[in-house]
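K.L.:
For reference, the structure I am asking about is given below.
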Amino acid sequence: MRLSALGSARQTNRRTFSEEAFRRVSLVALLLVAGTLPAGSADEKKITIYATITNFSLPVADRDGRDYIGLLEAIEPLGNVTSRTDGLHWKLRFNDTDAEFTAGKNRARIRGRDVDLPAAFLLENGRGLVPVSSLSTLLPRILGGSVTFNLASRRVFVGSVATHFTAQLSRSTPPRLVMNFTSPVNPTIATEPGRLRMSFRREPLVAPGTALLTFDDKAIPSAAFSEDNGAAEITVNGTVPLMASFSNDGRTITISPAPQQLAGPSAPAATAPGAVPPPVVTKPPANPPAGERHFYAVIDASHGGDDRGAALSDKLAEKDVTLALARRLRQELESRGISTLVLRDSDASLTLDQRAIFTNTAHPVIYIGLHAASDGKGVRLYTALIPAGGENNGPFIAWDTAQTRFLPQSQIATQGVASELTRRQIQVRTLAAPVRPLNNLTAAAIAVEVAPPGSDVMDLTLPAYQENVTSAVATGIAAVRDKLGAQR
Amino acid sequence: MIPRHLLIGVGVMLLAVLAMGFYAGRMRGRVAEVAPAVADSRPVAPPVSGATERVTLYVAYDDPGILRVEGANIPLPSARQQRAEELLRAVLSIYLSKDSPHPLAPGTEVRAVYLVTPGVAIIDLNSAFANGHRSGVLEEELTVTSLIQTLVANIPGILRVKILVDGKERETLAGHADLSDFYDTGAVALLVSQLQGGP
């Protein structure tokens, strides 16, 4: 009995020792494994959703080698959502929209209509999972608006959210790469030998005209835009250590060589507030980089934000019509193989100087400013009325008269568009106009003022009319692209 | 005992006070019933006395969106600066009239015109002009070119024109026409020829 008790005590002690050893070994192994991972969840698959009210990222689940996402989590931040499970059926209500999914089935029912899914709907403990690739089909129907889904990078843009940027190298000593963004940004910045990386996860940053931007500079030869795993990234390549500084309320990032004491492969990128770069227009390089040679158009929806523009009627503001026209014109131009940058793709405020800076730094072949009016009929096309003064000083062109040398190209563009409008029997008139930023632009620049086709100003909102006008503008520009490109 | 004539005197005075109070009350009510005079927002008319001169006005017509040259006889002072102001007032009076071809906001007025040598004119208009102006590229440029070309056509030697509002620089007239720069009268003349052509 005593021996038995002693043996039992030894067994207990042995078990206790072996459990403790196992826990220690496990902990060490866990730490070793964790140490080999670069940043814990950095490799986790994510999807990012950008909307007007919020931006957020969600983890992507792997089921049988296919990417899935919880549908409730994806739309919950965007409105009022309720869900309930009824056997194999999962019912979802978003605002006033009803959707019904069935576990194991490739078909859902949204707003009373059947929708095919690329893979089966999964129901796990009351949580509805849909294939990630089905979001481009599901979200527009559930949310009731336009949704742009980049499947490769897993980035979803709900409505008209997009942050554009331009990059221009200032050939000062040392050189500075000035990047202007249409909205404030706050990227995660990391430096490594030969490059500075800015990762934008919460910003709906979209690609510029070309993914690779070259600057013909030894210190900062190029920058590249990429997007992957729910985030966008700008990589600035440099032959010297680089640092980034923020200004203009987060709308401008300036990349410059790091001071000597910060040099080194592991030096963190420094950030410091600075002054907003002045609106100085530099002469375009005599031999622009190859990436800037292709035909590239900037579309500017005038007004926006607090600036409503003309009150076309009690309910219709000019800024809303110009935004709709800009989006249609983008489609029309891109369908003709012309890359575009829409300066204002949401109800954002942009000053006239900002519009000019963004355009000049983007180096487009043509700028198209859009306006709307209630008086008159048809379309009026404007080129710049160059103001008095404007003395060029050395390598700098006077800001107010920067358009002067590009006026012949602007008039070629106007003639091309006017011809097409006339061909379509849309009343057209061509004039000069003292409308900024036309006179500040170093590219062919025209303003298009769209009036209603008849006496009813609400006809400005007719899709058929907008499509006819923007299609004519795009066709007219495409018709003279060789003349504009040749002179660029 | 109070003398009788004192009682009568006090009584008469009380009656007089009551009567005057009643009269004052009636007068106050009558004043309240009379509507306050409507502020006359029209610009001050040119002086009617003195010899009139034949001048050329560039008048905007919203329908069909053109500028027309019109002659007018208006009394003009001899000083250049005052002549410039009267010329613009003559144009504005057309725009503020009942059958205006290009309506401007009530209360629009020229505050002053400064002729600065060599060849620079500064037009200073009041805030009612800009704040109440209709927004639109064509509407705004019709107004601007009408004012500038009327000055240029009647006062020789003007090469550059700047428009101020209440003595201050303004970015645009009503969201479109640029007011931040000096207008080159040569460029404006070319625009005027375009605007005379019509749609």
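By order in the structure tokens, chains are A, B, ...; within a chain, residues start at 1; ligands start at 1, following the order shown.
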I'd like the contact shell of segment 100-103 of chain A - 9 Å cut-off, only C-alpha atoms, skipping same-chain residues fewer than 2 positions apart - returned as a ChimeraX atom specification.
P.N.:
/A:87-93,98,105-110,120-124,128
K.L.:
Taking a cut-off of 9 Å and counting only C-alpha atoms, can you build a table that, for each residue of segment 74-193 of chain B near segment 52-66 of chain B, reports the nearest atom pair and how far apart they are in Å (one decimal), sorted by chain then residue number, as a Markdown table?
P.N.:
| residue | atom | partner | partner_atom | distance |
| --- | --- | --- | --- | --- |
| B:Ile74 | CA | B:Thr52 | CA | 4.8 |
| B:Pro75 | CA | B:Thr52 | CA | 3.9 |
| B:Leu76 | CA | B:Thr52 | CA | 6.3 |
| B:Leu87 | CA | B:Leu57 | CA | 7.9 |
| B:Leu88 | CA | B:Leu57 | CA | 8.8 |
| B:Ala90 | CA | B:Leu57 | CA | 8.2 |
| B:Val91 | CA | B:Leu57 | CA | 6.7 |
| B:Ile94 | CA | B:Val59 | CA | 8.1 |
| B:Tyr95 | CA | B:Val59 | CA | 8.4 |
| B:Ser100 | CA | B:Tyr61 | CA | 8.5 |
| B:Pro101 | CA | B:Tyr61 | CA | 4.9 |
| B:His102 | CA | B:Asp62 | CA | 5.4 |
| B:Pro103 | CA | B:Asp62 | CA | 8.6 |
| B:Leu138 | CA | B:Gly65 | CA | 7.3 |
| B:Glu139 | CA | B:Asp62 | CA | 7.2 |
| B:Leu142 | CA | B:Ala60 | CA | 5.8 |
| B:Thr143 | CA | B:Ala60 | CA | 6.8 |
| B:Thr145 | CA | B:Tyr58 | CA | 8.2 |
| B:Ser146 | CA | B:Tyr58 | CA | 5.1 |
| B:Leu147 | CA | B:Tyr58 | CA | 7.4 |
| B:Ile148 | CA | B:Tyr58 | CA | 8.8 |
| B:Gln149 | CA | B:Tyr58 | CA | 6.4 |
| B:Thr150 | CA | B:Leu57 | CA | 5.1 |
| B:Leu151 | CA | B:Leu57 | CA | 8.5 |
| B:Ala153 | CA | B:Thr56 | CA | 6.6 |
| B:Asn154 | CA | B:Val55 | CA | 6.6 |
| B:Val192 | CA | B:Ile66 | CA | 8.8 |
K.L.:
Would you mind listing, as an NGL selection string, all residues of chain B that have at least one atom within 12 Å of chain A, where only C-alpha atoms are what counts?
P.N.:
:B and (61-66 or 102 or 119-120 or 132-145 or 159-162 or 171-199)
K.L.:
Show which residues sit within 8 Å of Ala402 of chain A, as an MDAnalysis selection string. Count only C-alpha atoms, and ignore same-chain residues fewer than 4 positions away.
P.N.:
chainID A and resid 281 397:398 439:442
K.L.:
Deliver the residues from the most recent selection as a file, using N, CA and C atoms, as a CSV table (one decimal), in the first residue's frame.
P.N.:
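Written out: result-v8.csv:
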chain,number,residue,atom,x,y,z
A,281,VAL,N,5.2,75.6,-63.4
A,281,VAL,CA,5.1,74.7,-64.5
A,281,VAL,C,6.5,74.7,-65.2
A,397,ILE,N,8.0,78.4,-67.5
A,397,ILE,CA,7.0,79.0,-68.3
A,397,ILE,C,6.0,79.7,-67.3
A,398,ALA,N,5.6,80.9,-67.7
A,398,ALA,CA,4.6,81.7,-66.8
A,398,ALA,C,3.4,80.8,-66.6
A,439,ASN,N,-5.8,78.0,-69.4
A,439,ASN,CA,-4.6,78.8,-69.7
A,439,ASN,C,-3.4,78.3,-68.9
A,440,ASN,N,-3.5,77.5,-67.9
A,440,ASN,CA,-2.4,77.0,-67.1
A,440,ASN,C,-1.8,75.7,-67.6
A,441,LEU,N,-2.4,75.1,-68.7
A,441,LEU,CA,-2.1,73.7,-69.0
A,441,LEU,C,-1.0,73.6,-70.1
A,442,THR,N,-0.1,72.7,-70.0
A,442,THR,CA,0.9,72.4,-71.0
A,442,THR,C,0.6,71.2,-71.8
K.L.:
Please identify all polymer residues within 9 Å of Leu333 of chain A, counting only C-alpha atoms, omitting same-chain residues fewer than 5 positions from it, and present them as a PDB file with N, CA, C and O atoms, in the first residue's frame.
P.N.:
ATOM      1  N   ALA A 297      -5.343  60.956 -72.094  1.00  0.00           N
ATOM      2  CA  ALA A 297      -6.258  62.090 -71.922  1.00  0.00           C
ATOM      3  C   ALA A 297      -6.610  62.282 -70.449  1.00  0.00           C
ATOM      4  O   ALA A 297      -6.800  61.311 -69.721  1.00  0.00           O
ATOM      5  N   ARG A 328     -18.939  58.889 -68.492  1.00  0.00           N
ATOM      6  CA  ARG A 328     -19.287  58.381 -69.825  1.00  0.00           C
ATOM      7  C   ARG A 328     -18.151  58.628 -70.813  1.00  0.00           C
ATOM      8  O   ARG A 328     -17.836  57.757 -71.641  1.00  0.00           O
ATOM      9  N   ILE A 338      -7.973  54.909 -75.867  1.00  0.00           N
ATOM     10  CA  ILE A 338      -7.305  56.096 -75.322  1.00  0.00           C
ATOM     11  C   ILE A 338      -7.327  56.013 -73.796  1.00  0.00           C
ATOM     12  O   ILE A 338      -8.402  55.990 -73.176  1.00  0.00           O
ATOM     13  N   SER A 339      -6.135  55.956 -73.191  1.00  0.00           N
ATOM     14  CA  SER A 339      -6.054  55.903 -71.729  1.00  0.00           C
ATOM     15  C   SER A 339      -6.539  57.219 -71.148  1.00  0.00           C
ATOM     16  O   SER A 339      -6.353  58.284 -71.755  1.00  0.00           O
ATOM     17  N   THR A 340      -7.146  57.163 -69.977  1.00  0.00           N
ATOM     18  CA  THR A 340      -7.696  58.380 -69.377  1.00  0.00           C
ATOM     19  C   THR A 340      -7.340  58.471 -67.899  1.00  0.00           C
ATOM     20  O   THR A 340      -7.091  57.467 -67.228  1.00  0.00           O
ATOM     21  N   THR A 470     -20.882  62.533 -75.459  1.00  0.00           N
ATOM     22  CA  THR A 470     -19.551  62.042 -75.078  1.00  0.00           C
ATOM     23  C   THR A 470     -18.965  61.134 -76.160  1.00  0.00           C
ATOM     24  O   THR A 470     -17.756  61.150 -76.400  1.00  0.00           O
ATOM     25  N   SER A 471     -19.831  60.394 -76.829  1.00  0.00           N
ATOM     26  CA  SER A 471     -19.354  59.556 -77.925  1.00  0.00           C
ATOM     27  C   SER A 471     -18.801  60.431 -79.050  1.00  0.00           C
ATOM     28  O   SER A 471     -17.756  60.132 -79.646  1.00  0.00           O
ATOM     29  N   VAL A 473     -17.573  63.480 -78.699  1.00  0.00           N
ATOM     30  CA  VAL A 473     -16.319  64.086 -78.237  1.00  0.00           C
ATOM     31  C   VAL A 473     -15.178  63.083 -78.371  1.00  0.00           C
ATOM     32  O   VAL A 473     -14.097  63.405 -78.878  1.00  0.00           O
ATOM     33  N   ALA A 474     -15.432  61.854 -77.938  1.00  0.00           N
ATOM     34  CA  ALA A 474     -14.385  60.830 -78.006  1.00  0.00           C
ATOM     35  C   ALA A 474     -14.018  60.522 -79.455  1.00  0.00           C
ATOM     36  O   ALA A 474     -12.830  60.397 -79.796  1.00  0.00           O
ATOM     37  N   THR A 475     -15.028  60.424 -80.313  1.00  0.00           N
ATOM     38  CA  THR A 475     -14.748  60.136 -81.727  1.00  0.00           C
ATOM     39  C   THR A 475     -13.960  61.280 -82.361  1.00  0.00           C
ATOM     40  O   THR A 475     -13.015  61.056 -83.128  1.00  0.00           O
ATOM     41  N   ILE A 477     -11.947  63.384 -80.904  1.00  0.00           N
ATOM     42  CA  ILE A 477     -10.559  63.389 -80.411  1.00  0.00           C
ATOM     43  C   ILE A 477      -9.773  62.241 -81.029  1.00  0.00           C
ATOM     44  O   ILE A 477      -8.628  62.406 -81.438  1.00  0.00           O
ATOM     45  N   ALA A 478     -10.421  61.089 -81.105  1.00  0.00           N
ATOM     46  CA  ALA A 478      -9.728  59.949 -81.721  1.00  0.00           C
ATOM     47  C   ALA A 478      -9.378  60.244 -83.177  1.00  0.00           C
ATOM     48  O   ALA A 478      -8.333  59.803 -83.671  1.00  0.00           O
TER      49      ALA A 478
END
K.L.:
Set the distance at 7 Å and use only C-alpha atoms: which residues neighbour Asp124 of chain B once local chain neighbours fewer than 4 positions away are removed? I'd like the list as a list of chain:residue names.
P.N.:
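These residues fall inside the cut-off: B:Val110, B:Arg111, B:Ala112, B:Val113, B:Ile163, B:Leu164, B:Val165, B:Asp166, B:Gly167.
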K.L.:
Taking only segment 5-195 of chain B into account, list the residues labelled helix (DSSP H, G or I) by DSSP (computed from the backbone), as a PyMOL selection string.
P.N.:
chain B and resi 5-33+80-95+127-131+137-154+185-195
K.L.:
In Å, with one decimal, what is the gap from atom CA of Asp228 of chain A to atom CA of Ser199 of chain A?
P.N.:
10.1 Å
K.L.:
Can you list, as a PyMOL selection string, every residue of segment 36-183 of chain B that DSSP puts in strand (DSSP E or B)?
P.N.:
chain B and resi 52-61+66-75+110-116+120-125+160-165+168+172+177-178+183
K.L.:
Provide the atom CA of Arg170 of chain B to atom CA of Ala130 of chain B distance in Å, to one decimal place.
P.N.:
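Computed distance, atom CA of Arg170 of chain B to atom CA of Ala130 of chain B, equals 9.2 Å.
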K.L.:
Write out as a list in words which residues come within 9 Å of Met198 of chain A when counting only C-alpha atoms, dropping same-chain ones fewer than 4 positions away.
P.N.:
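Everything that qualifies: Pro187, Thr188, Ile189, Ala190, Thr191, Ala232, Glu233, Ile234, Thr235 and Val236 of chain A.
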K.L.:
Once you have the residues from the selection above, write them out as a PDB file, in the first residue's frame, restricted to C-alpha atoms.
P.N.:
ATOM      1  CA  PRO A 187       0.779  54.772 -46.669  1.00  0.00           C
ATOM      2  CA  THR A 188       3.024  52.404 -44.783  1.00  0.00           C
ATOM      3  CA  ILE A 189       6.546  53.222 -45.885  1.00  0.00           C
ATOM      4  CA  ALA A 190       9.517  50.873 -45.909  1.00  0.00           C
ATOM      5  CA  THR A 191      12.970  51.321 -47.318  1.00  0.00           C
ATOM      6  CA  ALA A 232      -1.749  49.103 -53.803  1.00  0.00           C
ATOM      7  CA  GLU A 233       1.938  49.833 -53.727  1.00  0.00           C
ATOM      8  CA  ILE A 234       4.188  52.452 -55.234  1.00  0.00           C
ATOM      9  CA  THR A 235       7.827  51.482 -55.404  1.00  0.00           C
ATOM     10  CA  VAL A 236      10.282  54.291 -56.022  1.00  0.00           C
TER      11      VAL A 236
END
K.L.:
Using only C-alpha atoms, which protein or nucleic acid residues come within 10 Å of segment 481-483 of chain A? Drop anything in the same chain fewer than 3 positions from it, and give the result as a tab-separated table (two decimals) with all heavy atoms, in the first residue's frame.
P.N.:
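Written file, result-v9.tsv:
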chain	number	residue	atom	x	y	z
A	295	PHE	N	-0.97	58.00	-76.33
A	295	PHE	CA	-2.03	58.99	-76.27
A	295	PHE	C	-2.77	58.85	-74.93
A	295	PHE	O	-3.31	57.80	-74.61
A	295	PHE	CB	-2.99	58.76	-77.43
A	295	PHE	CG	-3.81	59.97	-77.74
A	295	PHE	CD1	-3.41	60.85	-78.74
A	295	PHE	CD2	-4.96	60.26	-77.03
A	295	PHE	CE1	-4.16	61.97	-79.03
A	295	PHE	CE2	-5.71	61.38	-77.31
A	295	PHE	CZ	-5.31	62.24	-78.32
A	296	TYR	N	-2.80	59.93	-74.21
A	296	TYR	CA	-3.27	59.87	-72.83
A	296	TYR	C	-4.12	61.12	-72.56
A	296	TYR	O	-3.67	62.23	-72.82
A	296	TYR	CB	-2.05	59.80	-71.92
A	296	TYR	CG	-2.30	59.77	-70.44
A	296	TYR	CD1	-3.30	58.99	-69.89
A	296	TYR	CD2	-1.52	60.54	-69.58
A	296	TYR	CE1	-3.51	58.96	-68.55
A	296	TYR	CE2	-1.72	60.51	-68.23
A	296	TYR	CZ	-2.72	59.73	-67.71
A	296	TYR	OH	-2.93	59.72	-66.37
A	338	ILE	N	-7.97	54.91	-75.87
A	338	ILE	CA	-7.31	56.10	-75.32
A	338	ILE	C	-7.33	56.01	-73.80
A	338	ILE	O	-8.40	55.99	-73.18
A	338	ILE	CB	-8.01	57.39	-75.80
A	338	ILE	CG1	-7.90	57.49	-77.33
A	338	ILE	CG2	-7.39	58.61	-75.13
A	338	ILE	CD1	-8.69	58.64	-77.93
A	365	VAL	N	-1.76	64.07	-73.47
A	365	VAL	CA	-1.75	64.71	-74.78
A	365	VAL	C	-2.89	65.72	-74.85
A	365	VAL	O	-2.77	66.75	-75.51
A	365	VAL	CB	-1.87	63.65	-75.90
A	365	VAL	CG1	-2.03	64.31	-77.25
A	365	VAL	CG2	-0.63	62.78	-75.90
A	366	ILE	N	-3.98	65.44	-74.15
A	366	ILE	CA	-5.10	66.37	-74.18
A	366	ILE	C	-5.81	66.41	-72.83
A	366	ILE	O	-5.90	65.39	-72.13
A	366	ILE	CB	-6.10	66.02	-75.32
A	366	ILE	CG1	-7.18	67.10	-75.42
A	366	ILE	CG2	-6.70	64.63	-75.12
A	366	ILE	CD1	-8.00	67.02	-76.68
A	409	GLN	N	-2.65	73.10	-80.94
A	409	GLN	CA	-3.13	71.73	-80.76
A	409	GLN	C	-4.53	71.72	-80.15
A	409	GLN	O	-5.37	70.89	-80.50
A	409	GLN	CB	-2.17	70.95	-79.87
A	409	GLN	CG	-0.87	70.59	-80.58
A	409	GLN	CD	0.31	70.67	-79.66
A	409	GLN	OE1	0.78	71.76	-79.36
A	409	GLN	NE2	0.78	69.54	-79.21
A	412	ILE	N	-6.90	72.31	-82.88
A	412	ILE	CA	-7.06	71.10	-83.72
A	412	ILE	C	-8.07	70.16	-83.04
A	412	ILE	O	-8.97	69.61	-83.69
A	412	ILE	CB	-5.70	70.39	-83.89
A	412	ILE	CG1	-4.81	71.20	-84.83
A	412	ILE	CG2	-5.89	68.97	-84.43
A	412	ILE	CD1	-3.37	70.69	-84.89
A	413	ALA	N	-7.92	69.99	-81.74
A	413	ALA	CA	-8.84	69.10	-81.00
A	413	ALA	C	-10.27	69.65	-81.08
A	413	ALA	O	-11.23	68.89	-81.28
A	413	ALA	CB	-8.39	68.98	-79.55
A	416	GLY	N	-11.76	68.93	-84.44
A	416	GLY	CA	-12.11	67.51	-84.58
A	416	GLY	C	-13.43	67.19	-83.88
A	416	GLY	O	-14.30	66.52	-84.44
A	475	THR	N	-15.03	60.42	-80.31
A	475	THR	CA	-14.75	60.14	-81.73
A	475	THR	C	-13.96	61.28	-82.36
A	475	THR	O	-13.02	61.06	-83.13
A	475	THR	CB	-16.08	59.92	-82.49
A	475	THR	OG1	-16.80	58.87	-81.85
A	475	THR	CG2	-15.83	59.56	-83.94
A	476	GLY	N	-14.34	62.50	-82.03
A	476	GLY	CA	-13.65	63.67	-82.58
A	476	GLY	C	-12.20	63.71	-82.15
A	476	GLY	O	-11.31	64.02	-82.95
A	477	ILE	N	-11.95	63.38	-80.90
A	477	ILE	CA	-10.56	63.39	-80.41
A	477	ILE	C	-9.77	62.24	-81.03
A	477	ILE	O	-8.63	62.41	-81.44
A	477	ILE	CB	-10.55	63.33	-78.88
A	477	ILE	CG1	-11.00	64.69	-78.33
A	477	ILE	CG2	-9.17	62.98	-78.34
A	477	ILE	CD1	-11.27	64.70	-76.86
A	478	ALA	N	-10.42	61.09	-81.11
A	478	ALA	CA	-9.73	59.95	-81.72
A	478	ALA	C	-9.38	60.24	-83.18
A	478	ALA	O	-8.33	59.80	-83.67
A	478	ALA	CB	-10.61	58.70	-81.62
A	486	ALA	N	1.42	63.71	-82.99
A	486	ALA	CA	2.59	64.05	-83.79
A	486	ALA	C	3.23	65.34	-83.32
A	486	ALA	O	4.44	65.52	-83.40
A	486	ALA	CB	2.20	64.18	-85.25
A	487	GLN	N	2.40	66.24	-82.81
A	487	GLN	CA	2.94	67.52	-82.40
A	487	GLN	C	3.37	67.51	-80.95
A	487	GLN	O	3.89	68.49	-80.45
A	487	GLN	CB	1.89	68.61	-82.59
A	487	GLN	CG	1.58	68.84	-84.06
A	487	GLN	CD	0.75	70.08	-84.26
A	487	GLN	OE1	0.75	70.97	-83.43
A	487	GLN	NE2	0.04	70.14	-85.36
A	488	ARG	N	3.06	66.45	-80.26
A	488	ARG	CA	3.40	66.39	-78.84
A	488	ARG	C	4.90	66.25	-78.66
A	488	ARG	O	5.51	65.38	-79.24
A	488	ARG	CB	2.66	65.19	-78.20
A	488	ARG	CG	3.08	64.89	-76.77
A	488	ARG	CD	2.62	65.95	-75.82
A	488	ARG	NE	3.05	65.60	-74.47
A	488	ARG	CZ	3.14	66.47	-73.48
A	488	ARG	NH1	2.83	67.72	-73.67
A	488	ARG	NH2	3.53	66.12	-72.28
K.L.:
Kindly indicate which residue among B:Ser78, B:Asn126, B:Thr108, B:Asn131 lies nearest to Lys168 of chain B, using only C-alpha atoms for the distances.
P.N.:
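Ranking B:Ser78, B:Asn126, B:Thr108, B:Asn131 by distance to Lys168 of chain B, first place goes to B:Asn126.
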K.L.:
Between atom CA of Ala326 of chain A and atom CA of Leu460 of chain A, what is the spacing in Å?
P.N.:
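Separation of atom CA of Leu460 of chain A and atom CA of Ala326 of chain A: 13.3 Å.
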